[in-house]
file my_file_24.cif (mmCIF, C-alpha atoms)
data_final
loop_
_atom_site.label_atom_id
_atom_site.label_comp_id
_atom_site.auth_asym_id
_atom_site.auth_seq_id
_atom_site.Cartn_x
_atom_site.Cartn_y
_atom_site.Cartn_z
CA MET A 1 0.00 0.00 0.00
CA VAL A 2 2.75 2.49 0.87
CA SER A 3 4.59 1.98 -2.43
CA GLU A 4 1.61 3.16 -4.48
CA PRO A 5 0.90 6.85 -5.09
CA MET A 6 -1.73 8.33 -2.84
CA SER A 7 -5.12 8.99 -4.33
CA HIS A 8 -4.91 12.62 -3.19
CA GLY A 9 -1.19 12.92 -3.88
CA SER A 10 1.53 14.55 -1.77
CA SER A 11 4.86 13.80 -0.10
CA LEU A 12 6.50 14.82 3.13
CA HIS A 13 9.67 16.88 3.24
CA PRO A 14 12.71 14.53 2.92
CA ALA A 15 14.59 16.38 5.63
CA ARG A 16 12.07 15.04 8.16
CA ALA A 17 12.90 11.37 7.52
CA THR A 18 14.37 10.61 10.96
CA ARG A 19 12.32 12.77 13.30
CA ASP A 20 10.99 11.53 16.60
CA VAL A 21 8.38 14.21 17.14
CA ARG A 22 6.91 12.52 20.22
CA ALA A 23 10.07 13.37 22.11
CA ALA A 24 10.17 17.01 20.95
CA PRO A 25 10.23 19.52 23.83
CA ALA A 26 7.33 21.90 24.28
CA LEU A 27 9.41 24.88 23.11
CA CYS A 28 9.58 23.22 19.64
CA ALA A 29 5.90 23.94 19.12
CA PRO A 30 5.65 27.74 18.74
CA GLN A 31 2.53 29.55 17.70
CA TRP A 32 1.42 28.47 14.26
CA PRO A 33 1.85 30.97 11.42
CA TRP A 34 -0.51 31.26 8.47
CA GLY A 35 -2.43 28.13 7.56
CA LEU A 36 -3.56 26.65 10.88
CA ASP A 37 -7.15 27.88 10.80
CA GLU A 38 -7.48 27.06 7.12
CA LEU A 39 -6.11 23.54 7.62
CA ASN A 40 -8.42 22.88 10.58
CA ASP A 41 -11.41 24.18 8.62
CA ALA A 42 -10.58 21.91 5.71
CA ALA A 43 -10.25 18.93 8.05
CA GLU A 44 -13.54 19.64 9.83
CA GLY A 45 -15.29 19.89 6.47
CA GLY A 46 -13.70 16.73 5.13
CA ASP A 47 -12.06 18.68 2.28
CA VAL A 48 -9.12 16.34 1.69
CA VAL A 49 -7.80 18.04 -1.46
CA ARG A 50 -7.63 21.46 0.20
CA ALA A 51 -6.12 20.02 3.41
CA ILE A 52 -3.32 18.38 1.43
CA LYS A 53 -2.64 21.54 -0.60
CA LEU A 54 -2.39 23.58 2.60
CA PHE A 55 -0.06 21.00 4.12
CA GLU A 56 2.16 21.06 1.04
CA HIS A 57 2.35 24.85 1.29
CA MET A 58 3.38 24.87 4.93
CA GLN A 59 5.53 21.74 5.28
CA SER A 60 8.76 23.47 4.24
CA TRP A 61 8.67 25.80 7.26
CA LEU A 62 6.75 23.73 9.80
CA PRO A 63 8.53 23.62 13.19
CA LEU A 64 9.67 20.18 14.29
CA GLY A 65 7.04 19.81 17.00
CA ASP A 66 4.16 20.84 14.72
CA THR A 67 4.72 18.43 11.84
CA ARG A 68 2.81 15.64 13.56
CA MET A 69 -0.05 17.98 14.39
CA ALA A 70 -0.35 19.00 10.75
CA ILE A 71 -0.30 15.40 9.50
CA ASN A 72 -2.88 14.42 12.11
CA THR A 73 -5.08 17.19 10.74
CA VAL A 74 -4.75 15.86 7.19
CA ILE A 75 -5.60 12.37 8.46
CA LYS A 76 -8.63 13.85 10.21
CA ALA A 77 -9.73 15.43 6.92
CA CYS A 78 -9.55 11.99 5.29
CA ALA A 79 -11.52 10.45 8.15
CA ASN A 80 -14.20 13.15 8.05
CA ALA A 81 -14.56 12.49 4.34
CA ALA A 82 -15.09 8.80 5.20
CA ASP A 83 -11.96 8.01 3.19
CA ILE A 84 -10.48 5.54 5.65
CA ASP A 85 -8.04 4.17 3.05
CA ALA A 86 -6.53 7.62 2.49
CA ALA A 87 -6.22 8.08 6.26
CA GLU A 88 -4.26 4.81 6.37
CA GLU A 89 -1.96 5.96 3.56
CA TRP A 90 -1.17 9.20 5.38
CA TYR A 91 -0.50 7.25 8.55
CA GLU A 92 1.99 5.07 6.68
CA ARG A 93 3.70 8.15 5.27
CA MET A 94 3.89 9.60 8.76
CA LEU A 95 5.83 6.53 9.91
CA GLU A 96 8.01 6.43 6.79
CA ASN A 97 9.15 9.97 7.51
CA GLY A 98 10.00 9.21 11.12
CA VAL A 99 7.07 11.17 12.56
CA LEU A 100 5.73 9.13 15.45
CA PRO A 101 1.95 9.12 16.05
CA ASN A 102 0.28 10.16 19.29
CA LYS A 103 -3.12 9.63 20.93
CA GLU A 104 -4.77 12.11 18.59
CA THR A 105 -3.64 10.05 15.60
CA PHE A 106 -5.53 7.05 16.97
CA GLY A 107 -8.52 8.96 18.31
CA ASN A 108 -10.62 11.40 16.33
CA SER A 109 -8.45 10.96 13.27
CA THR A 110 -8.58 7.19 12.75
CA LEU A 111 -10.09 4.84 15.34
CA ILE A 112 -13.37 6.69 15.96
CA PRO A 113 -14.16 7.41 12.26
CA ALA A 114 -13.41 3.79 11.31
CA ALA A 115 -15.74 2.55 14.02
CA LYS A 116 -18.49 5.01 13.05
CA ALA A 117 -18.19 3.92 9.43
CA GLY A 118 -18.80 0.36 10.53
CA CYS A 119 -15.29 -0.72 9.53
CA VAL A 120 -14.73 -2.94 12.55
CA GLU A 121 -11.64 -4.65 11.11
CA LYS A 122 -10.01 -1.29 10.38
CA ALA A 123 -10.92 -0.03 13.85
CA GLN A 124 -9.27 -3.15 15.28
CA LYS A 125 -6.21 -2.50 13.14
CA TRP A 126 -5.90 1.07 14.44
CA PHE A 127 -6.23 -0.25 17.97
CA TRP A 128 -3.36 -2.68 17.38
CA GLU A 129 -1.29 0.10 15.82
CA ARG A 130 -1.85 2.19 18.93
CA GLU A 131 -0.62 -0.71 21.06
CA LYS A 132 2.41 -1.15 18.82
CA GLN A 133 3.34 2.49 19.39
CA GLN A 134 3.21 1.75 23.16
CA LEU A 135 0.71 4.51 23.82
CA GLN A 136 -1.12 4.18 27.11
CA LEU A 137 -4.53 2.57 26.82
CA GLY A 138 -7.59 3.78 28.68
CA PRO A 139 -11.30 3.03 28.54
CA ILE A 140 -12.04 5.26 25.53
CA PRO A 141 -10.32 3.20 22.77
CA MET A 142 -11.63 -0.01 24.32
CA ASN A 143 -15.16 1.42 24.41
CA ILE A 144 -14.87 2.38 20.75
CA LEU A 145 -14.04 -1.22 19.87
CA ILE A 146 -16.87 -2.61 21.99
CA ASP A 147 -19.38 -0.20 20.46
CA ALA A 148 -18.20 -0.92 16.90
CA SER A 149 -18.54 -4.66 17.52
CA ALA A 150 -22.02 -4.19 19.00
CA LYS A 151 -23.25 -2.13 16.07
CA SER A 152 -21.95 -4.72 13.62
CA GLY A 153 -23.92 -7.41 15.44
CA ASP A 154 -20.84 -9.21 16.75
CA LYS A 155 -21.84 -9.88 20.35
CA ALA A 156 -18.95 -12.30 20.94
CA ALA A 157 -16.39 -9.64 19.97
CA ALA A 158 -18.07 -7.02 22.16
CA VAL A 159 -17.97 -9.38 25.16
CA LYS A 160 -14.35 -10.30 24.41
CA HIS A 161 -13.26 -6.64 24.37
CA LEU A 162 -15.06 -6.04 27.67
CA LYS A 163 -13.19 -8.96 29.23
CA ASP A 164 -9.94 -7.64 27.74
CA MET A 165 -10.44 -4.46 29.75
CA GLY A 166 -10.25 -6.52 32.95
CA ARG A 167 -7.12 -8.32 31.77
CA ARG A 168 -5.53 -4.95 31.01
CA SER A 169 -6.53 -3.55 34.42
CA ILE A 170 -8.77 -0.97 32.73
CA ASP A 171 -11.97 -0.27 34.64
CA PRO A 172 -15.06 -0.59 32.43
CA THR A 173 -17.39 2.40 32.30
CA GLU A 174 -21.15 2.71 31.87
CA GLU A 175 -20.52 3.03 28.14
CA SER A 176 -18.57 -0.26 28.12
CA TYR A 177 -21.47 -2.19 29.63
CA ASN A 178 -24.12 -0.34 27.64
CA SER A 179 -22.45 -1.35 24.38
CA VAL A 180 -22.33 -5.02 25.42
CA ILE A 181 -25.98 -4.89 26.55
CA ASN A 182 -26.82 -3.33 23.19
CA ALA A 183 -24.90 -6.12 21.42
CA CYS A 184 -27.01 -8.69 23.28
CA ALA A 185 -30.20 -6.81 22.41
CA ARG A 186 -29.37 -6.73 18.71
CA VAL A 187 -29.29 -10.52 18.57
CA GLY A 188 -32.23 -11.03 20.94
CA ASP A 189 -30.12 -12.41 23.78
CA SER A 190 -32.28 -11.23 26.68
CA GLN A 191 -30.49 -13.41 29.20
CA GLY A 192 -27.11 -11.95 28.24
CA ALA A 193 -28.49 -8.40 28.34
CA GLU A 194 -29.84 -8.95 31.85
CA VAL A 195 -26.58 -10.56 33.02
CA TYR A 196 -24.47 -7.59 31.91
CA LEU A 197 -26.89 -5.06 33.37
CA ARG A 198 -26.54 -6.80 36.72
CA LYS A 199 -22.75 -6.99 36.34
CA MET A 200 -22.81 -3.28 35.66
CA GLN A 201 -24.60 -2.72 38.96
CA GLU A 202 -22.23 -5.09 40.79
CA GLN A 203 -19.32 -2.92 39.60
CA GLY A 204 -20.93 0.07 41.29
CA LEU A 205 -21.98 1.61 37.97
CA LYS A 206 -25.43 3.11 37.56
CA PRO A 207 -27.45 1.76 34.61
CA THR A 208 -28.77 4.46 32.32
CA LEU A 209 -32.04 4.75 30.43
CA PHE A 210 -30.20 3.29 27.45
CA SER A 211 -29.21 0.26 29.56
CA PHE A 212 -32.79 -0.55 30.54
CA THR A 213 -34.21 0.21 27.10
CA SER A 214 -31.73 -2.16 25.48
CA VAL A 215 -32.76 -4.93 27.89
CA ILE A 216 -36.43 -4.28 27.10
CA ASP A 217 -35.61 -4.44 23.39
CA SER A 218 -33.80 -7.77 23.88
CA CYS A 219 -36.87 -9.18 25.67
CA ALA A 220 -39.10 -7.99 22.83
CA LYS A 221 -36.93 -9.76 20.27
CA SER A 222 -36.94 -12.98 22.30
CA GLY A 223 -40.70 -12.87 22.85
CA GLU A 224 -40.52 -12.37 26.63
CA THR A 225 -43.26 -9.83 27.23
CA GLU A 226 -43.39 -10.24 30.99
CA ARG A 227 -39.65 -9.67 31.29
CA ALA A 228 -39.95 -6.58 29.10
CA GLU A 229 -42.69 -5.26 31.42
CA HIS A 230 -40.51 -6.01 34.44
CA TRP A 231 -37.58 -3.98 33.12
CA PHE A 232 -39.87 -1.12 32.06
CA GLN A 233 -41.16 -0.96 35.63
CA GLU A 234 -37.61 -1.31 36.99
CA LEU A 235 -36.30 1.72 35.11
CA GLN A 236 -39.08 3.80 36.66
CA ARG A 237 -38.37 2.32 40.10
CA VAL A 238 -34.84 3.75 39.94
CA SER A 239 -36.28 7.19 39.06
CA LEU A 240 -35.54 7.10 35.34
CA VAL A 241 -38.15 8.56 32.98
CA PRO A 242 -38.95 6.42 29.93
CA ASN A 243 -38.62 8.13 26.56
CA VAL A 244 -40.16 7.33 23.18
CA VAL A 245 -37.57 4.61 22.54
CA SER A 246 -38.32 2.92 25.87
CA TYR A 247 -42.07 3.02 25.26
CA THR A 248 -41.70 1.78 21.70
CA ALA A 249 -39.50 -1.12 22.84
CA LEU A 250 -42.26 -2.32 25.17
CA ILE A 251 -44.93 -1.68 22.53
CA ASP A 252 -42.88 -3.87 20.21
CA ALA A 253 -42.79 -6.59 22.88
CA TYR A 254 -46.60 -6.58 22.98
CA ALA A 255 -46.77 -6.52 19.20
CA GLN A 256 -44.38 -9.47 18.88
CA ALA A 257 -46.75 -11.41 21.15
CA GLY A 258 -49.72 -10.35 19.00
CA ASP A 259 -51.16 -8.27 21.85
CA ALA A 260 -52.21 -5.20 19.87
CA ARG A 261 -54.59 -3.93 22.56
CA SER A 262 -51.87 -3.74 25.25
CA GLY A 263 -49.59 -2.06 22.73
CA GLU A 264 -52.18 0.57 21.89
CA LYS A 265 -53.00 1.09 25.57
CA LEU A 266 -49.32 1.88 26.18
CA LEU A 267 -49.32 4.17 23.15
CA ARG A 268 -52.19 6.17 24.71
CA ARG A 269 -50.32 6.36 27.99
CA MET A 270 -47.22 7.63 26.21
CA ILE A 271 -49.20 10.36 24.46
CA GLN A 272 -50.86 11.30 27.76
CA GLU A 273 -47.38 11.67 29.29
CA GLY A 274 -46.57 14.20 26.58
CA ILE A 275 -44.23 11.91 24.64
CA ALA A 276 -44.80 12.02 20.89
CA PRO A 277 -44.87 8.57 19.27
CA THR A 278 -42.95 7.79 16.11
CA GLU A 279 -43.85 5.96 12.93
CA VAL A 280 -42.26 2.87 14.48
CA SER A 281 -44.52 3.11 17.53
CA TYR A 282 -47.61 3.00 15.33
CA SER A 283 -46.24 0.42 12.91
CA CYS A 284 -45.60 -2.08 15.71
CA ILE A 285 -49.25 -1.94 16.82
CA MET A 286 -50.54 -1.97 13.24
CA ASN A 287 -48.49 -5.07 12.58
CA ALA A 288 -50.06 -6.79 15.60
CA TYR A 289 -53.57 -5.86 14.44
CA ALA A 290 -52.73 -7.03 10.91
CA SER A 291 -51.64 -10.42 12.25
CA HIS A 292 -55.26 -10.87 13.41
CA GLY A 293 -56.68 -9.57 10.14
CA ASN A 294 -57.98 -6.39 11.76
CA GLU A 295 -57.73 -3.99 8.81
CA VAL A 296 -60.12 -1.46 10.39
CA ASN A 297 -57.80 -0.73 13.32
CA CYS A 298 -54.79 -0.66 11.00
CA MET A 299 -56.46 2.01 8.86
CA ARG A 300 -57.55 3.94 11.97
CA LEU A 301 -53.96 4.09 13.26
CA LEU A 302 -52.64 5.01 9.82
CA GLN A 303 -55.03 7.96 9.65
CA GLU A 304 -54.01 9.00 13.17
CA MET A 305 -50.37 8.94 12.11
CA CYS A 306 -51.11 11.25 9.20
CA ARG A 307 -53.00 13.65 11.48
CA GLN A 308 -49.90 13.84 13.66
CA ASN A 309 -47.76 14.65 10.59
CA LEU A 310 -45.92 11.35 10.79
CA GLN A 311 -44.85 10.15 7.38
CA PRO A 312 -45.73 6.49 6.79
CA THR A 313 -42.92 4.50 5.22
CA GLU A 314 -43.07 1.81 2.59
CA LYS A 315 -42.86 -0.71 5.42
CA THR A 316 -45.89 0.88 7.09
CA TYR A 317 -47.97 0.59 3.93
CA SER A 318 -46.85 -3.01 3.45
CA ILE A 319 -48.64 -3.89 6.71
CA MET A 320 -52.02 -2.91 5.21
#
call {"tool": "encode", "arguments": {"input": "my_file_24.cif", "output": "structure tokens"}}
result
Amino acid sequence: MVSEPMSHGSSLHPARATRDVRAAPALCAPQWPWGLDELNDAAEGGDVVRAIKLFEHMQSWLPLGDTRMAINTVIKACANAADIDAAEEWYERMLENGVLPNKETFGNSTLIPAAKAGCVEKAQKWFWEREKQQLQLGPIPMNILIDASAKSGDKAAAVKHLKDMGRRSIDPTEESYNSVINACARVGDSQGAEVYLRKMQEQGLKPTLFSFTSVIDSCAKSGETERAEHWFQELQRVSLVPNVVSYTALIDAYAQAGDARSGEKLLRRMIQEGIAPTEVSYSCIMNAYASHGNEVNCMRLLQEMCRQNLQPTEKTYSIM
């Protein structure tokens, strides 16, 4: 990969081929001259071409301690443009020119964007690269990996990364457990979701609304209506206020069991509480009515949706 020309084209100054910027003293990073604001703006906007042109303009006079910062900004531009491959190429060029990466290189510039893009393998690669550079690990990069695994539906990987935190003597956070609970919910593993919520509590961490809602969702997917009701009541017992996602998760549990009346009753309660339902809230109940051949109630709910300025989707119409 490094021997091929970059898609956005550029090269670092040859005089920088043996620099160890990580070790540069603070006085080697004076106030930036012209170009800093423009480079940051280009990176934030994902304008890779402009970021590279600005870098090329300033690289001949960049102070030793600021070279890494500038390259990190170009990498960030690539990441914000969802061009993960280009970000990797710039990382390789950073190493080739003796510029050592830092935490920023593996944070907002590479690891987080790769995870958000759903590129779990690339996120894992960046994590390993961070380890190789012997940069101190904390909960944030581990949480990124757990969350990326959860969103890709890989529960086993999410659980593995959580256990790795213990082996590395890194204390899991609420986010760590929430991501694993979410991973369980995505595959309908209600038992696993409940286990990790309890482990979260055993660690002295306070479950959030997201924690409970994910458990309710897992119960809905596994057809355990009573368990879903239990966790809905539990979140209120600990003084959390259910939101539209929480209500809809329980409505879905009723709908999955074919109990359209209980689902609609909860919908009315949600509206009475001042929480606006979504298209999904209605569609769940409509689907339950449709399973019993009750077209009248399906049409009634569809008309109600339209009155509330909710746009039915193709999936909604397919229920009719």
call {"tool": "closest_residue", "arguments": {"input": "my_file_24.cif", "among": "A:Val120, A:Ile144, A:Leu39, A:Ala82", "to": "Phe106 in chain A", "atoms": "all atoms listed in the file"}}
result
A:Ile144
call {"tool": "resolve_selection", "arguments": {"input": "my_file_24.cif", "expression": "the PyMOL selection byres ((chain A and resi 222) around 8)", "output": "PDB file with C-alpha atoms, keeping the file's coordinate frame"}}
result
ATOM      1  CA  GLY A 188     -32.230 -11.030  20.940  1.00  0.00           C
ATOM      2  CA  ASP A 189     -30.120 -12.410  23.780  1.00  0.00           C
ATOM      3  CA  SER A 190     -32.280 -11.230  26.680  1.00  0.00           C
ATOM      4  CA  SER A 218     -33.800  -7.770  23.880  1.00  0.00           C
ATOM      5  CA  CYS A 219     -36.870  -9.180  25.670  1.00  0.00           C
ATOM      6  CA  ALA A 220     -39.100  -7.990  22.830  1.00  0.00           C
ATOM      7  CA  LYS A 221     -36.930  -9.760  20.270  1.00  0.00           C
ATOM      8  CA  GLY A 223     -40.700 -12.870  22.850  1.00  0.00           C
ATOM      9  CA  GLU A 224     -40.520 -12.370  26.630  1.00  0.00           C
TER      10      GLU A 224
END
call {"tool": "atom_distance", "arguments": {"input": "my_file_24.cif", "atom1": "CA of Thr225 in chain A", "atom2": "CA of Tyr254 in chain A"}}
result
6.3 Å
call {"tool": "resolve_selection", "arguments": {"input": "my_file_24.cif", "expression": "the PyMOL selection byres ((chain A and resi 249) around 9)", "output": "list in words"}}
result
Thr213, Ser214, Ile216, Asp217, Ser218, Cys219, Ala220, Ala228, Val244, Val245, Ser246, Tyr247, Thr248, Leu250, Ile251, Asp252, Ala253, Tyr254 and Ser281 of chain A
call {"tool": "write_last_selection", "arguments": {"input": "my_file_24.cif", "atoms": "C-alpha atoms", "output": "mmCIF file, in the frame of the given file"}}
result
data_model
loop_
_atom_site.group_PDB
_atom_site.id
_atom_site.type_symbol
_atom_site.label_atom_id
_atom_site.label_comp_id
_atom_site.auth_asym_id
_atom_site.auth_seq_id
_atom_site.Cartn_x
_atom_site.Cartn_y
_atom_site.Cartn_z
ATOM 1 C CA THR A 213 -34.210 0.210 27.100
ATOM 2 C CA SER A 214 -31.730 -2.160 25.480
ATOM 3 C CA ILE A 216 -36.430 -4.280 27.100
ATOM 4 C CA ASP A 217 -35.610 -4.440 23.390
ATOM 5 C CA SER A 218 -33.800 -7.770 23.880
ATOM 6 C CA CYS A 219 -36.870 -9.180 25.670
ATOM 7 C CA ALA A 220 -39.100 -7.990 22.830
ATOM 8 C CA ALA A 228 -39.950 -6.580 29.100
ATOM 9 C CA VAL A 244 -40.160 7.330 23.180
ATOM 10 C CA VAL A 245 -37.570 4.610 22.540
ATOM 11 C CA SER A 246 -38.320 2.920 25.870
ATOM 12 C CA TYR A 247 -42.070 3.020 25.260
ATOM 13 C CA THR A 248 -41.700 1.780 21.700
ATOM 14 C CA LEU A 250 -42.260 -2.320 25.170
ATOM 15 C CA ILE A 251 -44.930 -1.680 22.530
ATOM 16 C CA ASP A 252 -42.880 -3.870 20.210
ATOM 17 C CA ALA A 253 -42.790 -6.590 22.880
ATOM 18 C CA TYR A 254 -46.600 -6.580 22.980
ATOM 19 C CA SER A 281 -44.520 3.110 17.530
#
call {"tool": "resolve_selection", "arguments": {"input": "my_file_24.cif", "expression": "the PyMOL selection byres ((chain A and resi 154-167) around 12)", "output": "short mmCIF file (atom, residue, chain, number, x, y, z; two decimals) with C-alpha atoms, in the frame of the given file"}}
result
data_model
loop_
_atom_site.label_atom_id
_atom_site.label_comp_id
_atom_site.auth_asym_id
_atom_site.auth_seq_id
_atom_site.Cartn_x
_atom_site.Cartn_y
_atom_site.Cartn_z
CA GLY A 118 -18.80 0.36 10.53
CA VAL A 120 -14.73 -2.94 12.55
CA GLU A 121 -11.64 -4.65 11.11
CA GLN A 124 -9.27 -3.15 15.28
CA PHE A 127 -6.23 -0.25 17.97
CA LEU A 137 -4.53 2.57 26.82
CA GLY A 138 -7.59 3.78 28.68
CA PRO A 139 -11.30 3.03 28.54
CA ILE A 140 -12.04 5.26 25.53
CA PRO A 141 -10.32 3.20 22.77
CA MET A 142 -11.63 -0.01 24.32
CA ASN A 143 -15.16 1.42 24.41
CA ILE A 144 -14.87 2.38 20.75
CA LEU A 145 -14.04 -1.22 19.87
CA ILE A 146 -16.87 -2.61 21.99
CA ASP A 147 -19.38 -0.20 20.46
CA ALA A 148 -18.20 -0.92 16.90
CA SER A 149 -18.54 -4.66 17.52
CA ALA A 150 -22.02 -4.19 19.00
CA LYS A 151 -23.25 -2.13 16.07
CA SER A 152 -21.95 -4.72 13.62
CA GLY A 153 -23.92 -7.41 15.44
CA ARG A 168 -5.53 -4.95 31.01
CA SER A 169 -6.53 -3.55 34.42
CA ILE A 170 -8.77 -0.97 32.73
CA ASP A 171 -11.97 -0.27 34.64
CA PRO A 172 -15.06 -0.59 32.43
CA THR A 173 -17.39 2.40 32.30
CA GLU A 174 -21.15 2.71 31.87
CA GLU A 175 -20.52 3.03 28.14
CA SER A 176 -18.57 -0.26 28.12
CA TYR A 177 -21.47 -2.19 29.63
CA ASN A 178 -24.12 -0.34 27.64
CA SER A 179 -22.45 -1.35 24.38
CA VAL A 180 -22.33 -5.02 25.42
CA ILE A 181 -25.98 -4.89 26.55
CA ASN A 182 -26.82 -3.33 23.19
CA ALA A 183 -24.90 -6.12 21.42
CA CYS A 184 -27.01 -8.69 23.28
CA ALA A 185 -30.20 -6.81 22.41
CA ARG A 186 -29.37 -6.73 18.71
CA VAL A 187 -29.29 -10.52 18.57
CA GLY A 188 -32.23 -11.03 20.94
CA ASP A 189 -30.12 -12.41 23.78
CA GLY A 192 -27.11 -11.95 28.24
CA ALA A 193 -28.49 -8.40 28.34
CA VAL A 195 -26.58 -10.56 33.02
CA TYR A 196 -24.47 -7.59 31.91
CA LYS A 199 -22.75 -6.99 36.34
CA MET A 200 -22.81 -3.28 35.66
CA GLN A 203 -19.32 -2.92 39.60
#
call {"tool": "closest_residue", "arguments": {"input": "my_file_24.cif", "among": "A:Ser239, A:Pro101, A:Ile319, A:Glu88", "to": "Glu295 in chain A", "atoms": "all atoms listed in the file"}}
result
A:Ile319
call {"tool": "closest_residue", "arguments": {"input": "my_file_24.cif", "among": "A:Phe212, A:Tyr91, A:Phe55, A:Tyr289", "to": "Ala79 in chain A", "atoms": "all atoms listed in the file"}}
result
A:Tyr91
call {"tool": "residues_around", "arguments": {"input": "my_file_24.cif", "residues": "Lys265 in chain A", "least_positions_apart": "2", "cutoff": "12 Å", "atoms": "only C-alpha atoms", "output": "number ranges by chain"}}
result
A: 247-248, 250-251, 254-255, 259-263, 267-272, 281-282, 285
call {"tool": "write_last_selection", "arguments": {"input": "my_file_24.cif", "atoms": "C-alpha atoms", "output": "compact mmCIF listing (two decimals), in the coordinates of the input"}}
result
# COMPACT_ATOMS: atom_id res chain seq x y z
CA TYR A 247 -42.07 3.02 25.26
CA THR A 248 -41.70 1.78 21.70
CA LEU A 250 -42.26 -2.32 25.17
CA ILE A 251 -44.93 -1.68 22.53
CA TYR A 254 -46.60 -6.58 22.98
CA ALA A 255 -46.77 -6.52 19.20
CA ASP A 259 -51.16 -8.27 21.85
CA ALA A 260 -52.21 -5.20 19.87
CA ARG A 261 -54.59 -3.93 22.56
CA SER A 262 -51.87 -3.74 25.25
CA GLY A 263 -49.59 -2.06 22.73
CA LEU A 267 -49.32 4.17 23.15
CA ARG A 268 -52.19 6.17 24.71
CA ARG A 269 -50.32 6.36 27.99
CA MET A 270 -47.22 7.63 26.21
CA ILE A 271 -49.20 10.36 24.46
CA GLN A 272 -50.86 11.30 27.76
CA SER A 281 -44.52 3.11 17.53
CA TYR A 282 -47.61 3.00 15.33
CA ILE A 285 -49.25 -1.94 16.82
call {"tool": "atom_distance", "arguments": {"input": "my_file_24.cif", "atom1": "CA of Gln233 in chain A", "atom2": "CA of Leu301 in chain A"}}
result
26.3 Å
call {"tool": "residues_around", "arguments": {"input": "my_file_24.cif", "residues": "Asn72 in chain A", "least_positions_apart": "5", "cutoff": "12 Å", "atoms": "all atoms listed in the file", "output": "number ranges by chain"}}
result
A: 39-40, 43, 51-52, 55, 66-67, 77-79, 87-88, 90-95, 99-110
call {"tool": "atom_distance", "arguments": {"input": "my_file_24.cif", "atom1": "CA of Glu304 in chain A", "atom2": "CA of Ser283 in chain A"}}
result
11.6 Å
call {"tool": "build_atoms", "arguments": {"input": "my_file_24.cif", "residues": "range 227-240 of chain A", "atoms": "N, CA and C atoms", "output": "PDB file, in the coordinates of the input"}}
result
ATOM      1  N   ARG A 227     -40.966 -10.185  30.916  1.00  0.00           N
ATOM      2  CA  ARG A 227     -39.650  -9.670  31.290  1.00  0.00           C
ATOM      3  C   ARG A 227     -39.494  -8.222  30.804  1.00  0.00           C
ATOM      4  N   ALA A 228     -40.007  -7.948  29.624  1.00  0.00           N
ATOM      5  CA  ALA A 228     -39.950  -6.580  29.100  1.00  0.00           C
ATOM      6  C   ALA A 228     -40.718  -5.637  30.019  1.00  0.00           C
ATOM      7  N   GLU A 229     -41.901  -6.067  30.477  1.00  0.00           N
ATOM      8  CA  GLU A 229     -42.690  -5.260  31.420  1.00  0.00           C
ATOM      9  C   GLU A 229     -41.924  -5.045  32.719  1.00  0.00           C
ATOM     10  N   HIS A 230     -41.277  -6.105  33.182  1.00  0.00           N
ATOM     11  CA  HIS A 230     -40.510  -6.010  34.440  1.00  0.00           C
ATOM     12  C   HIS A 230     -39.442  -4.942  34.332  1.00  0.00           C
ATOM     13  N   TRP A 231     -38.684  -4.929  33.249  1.00  0.00           N
ATOM     14  CA  TRP A 231     -37.580  -3.980  33.120  1.00  0.00           C
ATOM     15  C   TRP A 231     -38.087  -2.554  32.871  1.00  0.00           C
ATOM     16  N   PHE A 232     -39.268  -2.443  32.241  1.00  0.00           N
ATOM     17  CA  PHE A 232     -39.870  -1.120  32.060  1.00  0.00           C
ATOM     18  C   PHE A 232     -40.256  -0.547  33.424  1.00  0.00           C
ATOM     19  N   GLN A 233     -40.814  -1.392  34.275  1.00  0.00           N
ATOM     20  CA  GLN A 233     -41.160  -0.960  35.630  1.00  0.00           C
ATOM     21  C   GLN A 233     -39.903  -0.671  36.455  1.00  0.00           C
ATOM     22  N   GLU A 234     -38.855  -1.468  36.226  1.00  0.00           N
ATOM     23  CA  GLU A 234     -37.610  -1.310  36.990  1.00  0.00           C
ATOM     24  C   GLU A 234     -36.944   0.026  36.693  1.00  0.00           C
ATOM     25  N   LEU A 235     -36.951   0.438  35.440  1.00  0.00           N
ATOM     26  CA  LEU A 235     -36.300   1.720  35.110  1.00  0.00           C
ATOM     27  C   LEU A 235     -37.016   2.877  35.797  1.00  0.00           C
ATOM     28  N   GLN A 236     -38.333   2.747  35.958  1.00  0.00           N
ATOM     29  CA  GLN A 236     -39.080   3.800  36.660  1.00  0.00           C
ATOM     30  C   GLN A 236     -38.832   3.718  38.160  1.00  0.00           C
ATOM     31  N   ARG A 237     -38.633   2.501  38.660  1.00  0.00           N
ATOM     32  CA  ARG A 237     -38.370   2.320  40.100  1.00  0.00           C
ATOM     33  C   ARG A 237     -37.098   3.033  40.520  1.00  0.00           C
ATOM     34  N   VAL A 238     -36.104   3.086  39.611  1.00  0.00           N
ATOM     35  CA  VAL A 238     -34.840   3.750  39.940  1.00  0.00           C
ATOM     36  C   VAL A 238     -34.856   5.222  39.507  1.00  0.00           C
ATOM     37  N   SER A 239     -36.072   5.750  39.331  1.00  0.00           N
ATOM     38  CA  SER A 239     -36.280   7.190  39.060  1.00  0.00           C
ATOM     39  C   SER A 239     -35.829   7.641  37.681  1.00  0.00           C
ATOM     40  N   LEU A 240     -35.805   6.715  36.714  1.00  0.00           N
ATOM     41  CA  LEU A 240     -35.540   7.100  35.340  1.00  0.00           C
ATOM     42  C   LEU A 240     -36.884   7.307  34.639  1.00  0.00           C
TER      43      LEU A 240
END
